[in-house]
Amino acid sequence: MAATSSAAAALSSAAQASPGAYGTPVDPGLPNPTSVATDSPAPAPTGATVDVVVTYADWDATTASIEAGAFVQGIVESGGTCTVTASRPGAAAVTASVPGEPDAGSTTCPGLLLSGGGLGSGSWSVVVDYSSATAQGRSTATTVVVP
């Protein structure tokens with residue numbers, strides 16, 4: 001019991017001598033840090049091919065449109081364009097574009113909407129293309145059924 005009491009007393013004494021300090025004290029004469037050690041997203045080299053991932057694509061009866069969303073992996077930038085295209089044999093392709101928006105770790109393509117009389121009943125193949133000064137890419141096709 002006496003060994004435990006002396007160990008506790010030693011710890012208490014050390015805590016009172018330098019409360020809240022761990023290791024060697026910092027020299028107060030040093031300047032405060034001005035930057036934080038974090039990695040910024042790596043810019044894609046000019047002409048890089050990037051992966052475009054469709055997160056959803058479906059028919060919305062309320063708006064009578066095909067709605068889609070996508071993101072571009074591996075690049076965070078503004079200034080690019082996301083273009084959604086729906087096509088099927090025997091019909092003219094329907095397209096719409098929105099600006100890409102930078103996100104935490106990717107570029108998003110939100111709120112892609114295809115509407116109009118050109119969307120007749122049947123199965124449509126939907127793809128999303130991304131294009132910017134530094135990168136381009138295309139998603140795999142997703143099928144959307146228009147009733």
# chains A, B, ... in the order shown; residues from 1 in each chain; ligands from 1
$ select_by_dssp --residues "range 56-139 of chain A" --states "strand (DSSP E or B)" --output "compact mmCIF listing (two decimals) with C-alpha atoms, in the first residue's frame"
# COMPACT_ATOMS: atom_id res chain seq x y z
CA TYR A 56 -29.42 7.67 -59.63
CA ALA A 57 -31.43 7.76 -62.85
CA ASP A 58 -35.16 7.21 -62.94
CA TRP A 59 -38.47 8.39 -64.35
CA ASP A 60 -40.33 10.95 -62.24
CA SER A 65 -38.95 13.76 -66.73
CA ILE A 66 -35.92 11.53 -66.37
CA GLU A 67 -33.96 12.69 -63.33
CA ALA A 68 -30.32 11.76 -62.85
CA GLY A 69 -27.40 12.59 -60.60
CA ALA A 70 -23.73 11.75 -60.89
CA PHE A 71 -20.28 12.54 -59.59
CA VAL A 72 -16.81 12.63 -61.08
CA GLN A 73 -14.26 10.60 -59.10
CA THR A 81 -19.95 20.65 -67.56
CA CYS A 82 -22.08 17.59 -66.85
CA THR A 83 -24.27 16.48 -69.75
CA VAL A 84 -26.93 13.78 -69.44
CA THR A 85 -28.11 12.06 -72.61
CA ALA A 86 -31.01 9.65 -73.04
CA SER A 87 -31.18 7.65 -76.24
CA VAL A 94 -32.53 14.08 -75.51
CA THR A 95 -29.81 16.01 -73.63
CA ALA A 96 -29.44 18.51 -70.82
CA SER A 97 -26.40 20.06 -69.12
CA VAL A 98 -25.54 21.51 -65.72
CA PRO A 99 -22.31 22.93 -64.34
CA GLU A 101 -19.90 21.56 -58.62
CA PRO A 102 -16.85 20.92 -56.43
CA SER A 106 -15.19 14.79 -56.10
CA THR A 107 -17.11 16.96 -58.57
CA THR A 108 -20.87 16.53 -58.46
CA CYS A 109 -23.42 16.68 -61.27
CA PRO A 110 -26.62 17.48 -59.38
CA GLY A 111 -30.15 17.84 -60.68
CA LEU A 112 -29.81 16.54 -64.21
CA LEU A 113 -33.31 16.66 -65.72
CA LEU A 114 -34.54 15.48 -69.11
CA SER A 115 -38.08 16.41 -70.03
CA GLY A 122 -40.01 2.63 -73.60
CA SER A 123 -36.51 1.87 -72.37
CA TRP A 124 -33.97 4.67 -72.61
CA SER A 125 -30.21 4.37 -72.23
CA VAL A 126 -28.94 7.19 -70.00
CA VAL A 127 -25.28 8.28 -69.82
CA VAL A 128 -23.60 11.24 -68.13
CA ASP A 129 -20.58 12.91 -69.71
CA TYR A 130 -18.20 15.28 -67.92
CA SER A 131 -15.96 17.75 -69.68
CA ALA A 135 -10.56 16.28 -67.73
CA GLN A 136 -13.28 14.34 -69.49
CA GLY A 137 -15.17 11.16 -68.84
CA ARG A 138 -18.32 9.17 -69.47
$ atom_distance --atom1 "CA of Asp103 in chain A" --atom2 "CA of Ala141 in chain A"
23.5 Å
$ atom_distance --atom1 "CA of Gly47 in chain A" --atom2 "CA of Thr134 in chain A"
5.3 Å
$ atom_distance --atom1 "CA of Thr63 in chain A" --atom2 "CA of Ala91 in chain A"
20.8 Å
$ closest_residue --among "A:Ser121, A:Asp27, A:Ala93, A:Ala133" --to "Ala48 in chain A" --atoms "only C-alpha atoms"
A:Ala133
